[in-house]
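Undergrad: Dropping a structure here in structure tokens format, bear with me for questions.
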Amino acid sequence: MGETSDVLRVEIEGDVAILTLNRPAKRNALSDALIDALAAAVEAAQRTSRAIVICGAGEHFSAGLDLAEHAGRSAIEGVHHSRRWHAIFDRMEHGPIPVFSALHGAVVGGGLELAAATHVRVADEGAFFALPEGTRGIFVGGGGSVRVARLMGVARMTDMMLTGRSVSAAQAEAWNLCQYVVPGGEARAKAVELAQKAAGNAEMSNYAILNALPRIADMSRGDGLFVESFVSAMTATSPEAEERLRAFLDKRAAKVGRPQ
């Protein structure tokens, strides 16, 4: 099931919506049309699915901003364009369902900003990450100065932007730009597997994880602990939580095992 546009392919696998950036000839550069299609697909998936996977067609996840469109913009048009990306990526990051990304090939510039707005990032071992904005005479505009910098640190981001260096998937994992590195060609399957697992969680728990954790991280220690108490109490008293806890106590649910 699903639908395909000129720039985005949408598939449904159970409770998971798979959104594939579909401009392979342009290395999935993020054009205005692609961003608009992504926004509509994310909004639809948040109403009808329980998790999202974002991946790219062809040899790359995304090489970033479509510079051909960006070149002619005025300063105020650039501001509006950036704020449009912010709104869409914020909706993903602070939405009601988890978003996973499957990364391969180029994860560059705006492509890395998009990946950083997802909650769990799975990288093919051949993926490479870069922020070449300094060499292009521009600056990040899709939320990278907040999201990417918080993931790997300002010093590393400064280095990448100043020098244009690219880093491997293994280095990206060490820097917290991705949480999983898998063999070549397996990123999408792994991301879908993880998304299906998350889709089976209690809806209230997922919502709390996605929306409470990042806000608590921005709070003082005391405020964070106070908010945690309320979120914990709210999630634990939902009917779904009560049933899951009862299943565990009755030995109908599996215990946590050792890692494979």
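So you can find residues: chains in the structure tokens are A, B, ... in the order shown, residues in each start at 1, and ligands are numbered from 1 in order.
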Applying 12 Å and only C-alpha atoms, which residues near Gly141 (chain A) remain after dropping the ones on its own chain fewer than 5 positions away? List them as a ChimeraX atom specification.
TA: /A:64-65,70,78-87,89,109-114,131,133,146-148
Undergrad: Write down as a ChimeraX atom specification the residues belonging to region 42-191 of chain A that are assigned helix (DSSP H, G or I) by DSSP computed on the backbone.
TA: /A:42-48,67-70,75-93,110-116,133-136,144-152,154-163,169-174,187-191
Undergrad: Work out how far apart CA of Ala57 (chain A) and CA of Ser166 (chain A) are and give it in Å to one decimal.
TA: 21.0 Å
Undergrad: Using only C-alpha atoms, which residues sit within 9 Å of Ile18 (chain A) once same-chain residues fewer than 3 positions away are excluded, as a list of chain:residue names?
TA: A:Gly2, A:Arg9, A:Val10, A:Glu11, A:Ile12, A:Glu13, A:Ala51, A:Ile52, A:Val53, A:Ile54, A:Cys55, A:Val192
Undergrad: Just write the chosen residues, all heavy atoms, as a tab-separated table (two decimals), in the first residue's frame.
TA:
chain	number	residue	atom	x	y	z
A	2	GLY	N	0.32	2.39	-0.41
A	2	GLY	CA	1.07	3.63	-0.43
A	2	GLY	C	0.88	4.35	-1.74
A	2	GLY	O	0.07	3.96	-2.58
A	9	ARG	N	8.15	8.71	-2.21
A	9	ARG	CA	7.40	7.46	-2.28
A	9	ARG	C	6.91	7.11	-0.88
A	9	ARG	O	7.68	7.16	0.08
A	9	ARG	CB	8.29	6.35	-2.84
A	9	ARG	CG	7.54	5.04	-3.09
A	9	ARG	CD	8.33	4.09	-3.95
A	9	ARG	NE	9.52	3.57	-3.28
A	9	ARG	CZ	10.77	3.79	-3.67
A	9	ARG	NH1	11.02	4.56	-4.72
A	9	ARG	NH2	11.78	3.26	-3.02
A	10	VAL	N	5.65	6.75	-0.77
A	10	VAL	CA	5.04	6.41	0.52
A	10	VAL	C	4.57	4.96	0.47
A	10	VAL	O	3.82	4.57	-0.42
A	10	VAL	CB	3.86	7.34	0.84
A	10	VAL	CG1	3.22	6.95	2.18
A	10	VAL	CG2	4.30	8.80	0.86
A	11	GLU	N	5.03	4.17	1.44
A	11	GLU	CA	4.60	2.78	1.57
A	11	GLU	C	4.15	2.55	3.01
A	11	GLU	O	4.65	3.19	3.93
A	11	GLU	CB	5.74	1.83	1.24
A	11	GLU	CG	6.32	2.01	-0.16
A	11	GLU	CD	7.66	1.32	-0.31
A	11	GLU	OE1	7.66	0.12	-0.64
A	11	GLU	OE2	8.69	1.98	-0.07
A	12	ILE	N	3.23	1.62	3.18
A	12	ILE	CA	2.74	1.27	4.51
A	12	ILE	C	3.03	-0.20	4.76
A	12	ILE	O	2.63	-1.07	3.98
A	12	ILE	CB	1.23	1.53	4.65
A	12	ILE	CG1	0.89	2.97	4.28
A	12	ILE	CG2	0.77	1.21	6.08
A	12	ILE	CD1	1.54	4.03	5.14
A	13	GLU	N	3.74	-0.49	5.84
A	13	GLU	CA	3.99	-1.87	6.27
A	13	GLU	C	3.46	-2.01	7.69
A	13	GLU	O	4.11	-1.59	8.65
A	13	GLU	CB	5.48	-2.21	6.20
A	13	GLU	CG	6.04	-2.31	4.79
A	13	GLU	CD	7.44	-2.88	4.75
A	13	GLU	OE1	7.88	-3.46	5.78
A	13	GLU	OE2	8.08	-2.76	3.70
A	51	ALA	N	4.49	4.61	13.64
A	51	ALA	CA	5.91	4.93	13.52
A	51	ALA	C	6.20	5.28	12.06
A	51	ALA	O	5.43	4.91	11.16
A	51	ALA	CB	6.79	3.77	13.98
A	52	ILE	N	7.30	5.97	11.85
A	52	ILE	CA	7.71	6.41	10.51
A	52	ILE	C	9.16	6.01	10.28
A	52	ILE	O	9.98	6.07	11.19
A	52	ILE	CB	7.58	7.95	10.36
A	52	ILE	CG1	6.12	8.39	10.47
A	52	ILE	CG2	8.19	8.45	9.06
A	52	ILE	CD1	5.94	9.90	10.58
A	53	VAL	N	9.47	5.61	9.04
A	53	VAL	CA	10.85	5.42	8.60
A	53	VAL	C	11.08	6.34	7.41
A	53	VAL	O	10.28	6.36	6.47
A	53	VAL	CB	11.15	3.96	8.22
A	53	VAL	CG1	12.51	3.85	7.53
A	53	VAL	CG2	11.08	3.06	9.43
A	54	ILE	N	12.18	7.09	7.44
A	54	ILE	CA	12.56	7.94	6.31
A	54	ILE	C	13.85	7.40	5.72
A	54	ILE	O	14.83	7.15	6.44
A	54	ILE	CB	12.75	9.41	6.74
A	54	ILE	CG1	11.43	9.97	7.30
A	54	ILE	CG2	13.23	10.26	5.56
A	54	ILE	CD1	11.54	11.39	7.82
A	55	CYS	N	13.86	7.18	4.40
A	55	CYS	CA	15.05	6.66	3.73
A	55	CYS	C	15.18	7.33	2.36
A	55	CYS	O	14.35	8.18	2.01
A	55	CYS	CB	14.98	5.14	3.60
A	55	CYS	SG	13.47	4.52	2.82
A	192	VAL	N	13.24	-0.33	9.68
A	192	VAL	CA	11.86	-0.80	9.69
A	192	VAL	C	11.63	-1.76	10.85
A	192	VAL	O	10.61	-1.70	11.55
A	192	VAL	CB	11.49	-1.46	8.35
A	192	VAL	CG1	10.12	-2.13	8.44
A	192	VAL	CG2	11.50	-0.42	7.23
Undergrad: Please provide as a PDB file with C-alpha atoms, in the first residue's frame all residues within 12 Å of Ser101 (chain A), with the sequence filter that same-chain residues fewer than 4 positions apart are discarded (counting only C-alpha atoms).
TA:
ATOM      1  CA  ALA A  17       4.815   4.430   7.198  1.00  0.00           C
ATOM      2  CA  ILE A  18       7.961   4.306   5.039  1.00  0.00           C
ATOM      3  CA  LEU A  19       8.774   7.613   3.329  1.00  0.00           C
ATOM      4  CA  THR A  20      11.420   7.378   0.609  1.00  0.00           C
ATOM      5  CA  LEU A  21      13.080  10.517  -0.751  1.00  0.00           C
ATOM      6  CA  ALA A  51       5.913   4.925  13.519  1.00  0.00           C
ATOM      7  CA  ILE A  52       7.710   6.411  10.507  1.00  0.00           C
ATOM      8  CA  VAL A  53      10.851   5.423   8.603  1.00  0.00           C
ATOM      9  CA  ILE A  54      12.562   7.942   6.307  1.00  0.00           C
ATOM     10  CA  CYS A  55      15.049   6.661   3.731  1.00  0.00           C
ATOM     11  CA  GLY A  56      16.422   7.580   0.315  1.00  0.00           C
ATOM     12  CA  PHE A  61      20.097   9.307   1.626  1.00  0.00           C
ATOM     13  CA  SER A  62      20.351  13.016   0.804  1.00  0.00           C
ATOM     14  CA  MET A  92       8.650  15.314  13.291  1.00  0.00           C
ATOM     15  CA  VAL A 107      24.154  12.246   4.584  1.00  0.00           C
ATOM     16  CA  GLY A 111      20.344  15.686   4.667  1.00  0.00           C
ATOM     17  CA  LEU A 112      22.136  15.503   8.015  1.00  0.00           C
ATOM     18  CA  GLU A 113      19.782  18.161   9.411  1.00  0.00           C
ATOM     19  CA  LEU A 114      16.817  16.007   8.353  1.00  0.00           C
ATOM     20  CA  ALA A 115      18.387  12.907   9.892  1.00  0.00           C
ATOM     21  CA  ALA A 116      19.049  14.802  13.135  1.00  0.00           C
ATOM     22  CA  ALA A 117      15.320  15.570  13.404  1.00  0.00           C
ATOM     23  CA  THR A 118      14.533  11.845  13.491  1.00  0.00           C
ATOM     24  CA  HIS A 119      14.618  10.009  16.802  1.00  0.00           C
ATOM     25  CA  VAL A 120      16.679   6.947  15.852  1.00  0.00           C
ATOM     26  CA  ARG A 121      19.265   6.917  13.056  1.00  0.00           C
ATOM     27  CA  VAL A 122      20.465   3.686  11.445  1.00  0.00           C
ATOM     28  CA  ALA A 123      23.484   4.025   9.143  1.00  0.00           C
ATOM     29  CA  ASP A 124      24.757   1.707   6.442  1.00  0.00           C
ATOM     30  CA  LEU A 177      25.208  11.210  14.836  1.00  0.00           C
ATOM     31  CA  CYS A 178      23.725   7.714  14.508  1.00  0.00           C
ATOM     32  CA  GLN A 179      22.852   4.989  16.991  1.00  0.00           C
ATOM     33  CA  TYR A 180      23.323   1.923  14.770  1.00  0.00           C
ATOM     34  CA  VAL A 181      25.786   0.963  12.036  1.00  0.00           C
ATOM     35  CA  ALA A 187      19.931   0.117   6.914  1.00  0.00           C
ATOM     36  CA  ARG A 188      16.345   0.255   5.676  1.00  0.00           C
ATOM     37  CA  ALA A 189      15.478  -3.244   6.903  1.00  0.00           C
ATOM     38  CA  LYS A 190      16.977  -2.524  10.317  1.00  0.00           C
ATOM     39  CA  ALA A 191      15.178   0.819  10.601  1.00  0.00           C
ATOM     40  CA  VAL A 192      11.855  -0.797   9.693  1.00  0.00           C
ATOM     41  CA  GLU A 193      12.475  -3.591  12.211  1.00  0.00           C
ATOM     42  CA  LEU A 194      13.147  -1.063  14.977  1.00  0.00           C
ATOM     43  CA  ALA A 195      10.169   1.081  13.940  1.00  0.00           C
TER      44      ALA A 195
END
Undergrad: For Asn206 (chain A), find every residue with an atom within 9 Å (counting only C-alpha atoms), except residues of its own chain fewer than 4 positions away, and show them as a list in words.
TA: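 Final neighbour list, sorted by chain and number: Pro96, Ile97, Pro98, Ala198, Ala199, Asn201, Ala202, Leu210 and Asn211 of chain A.
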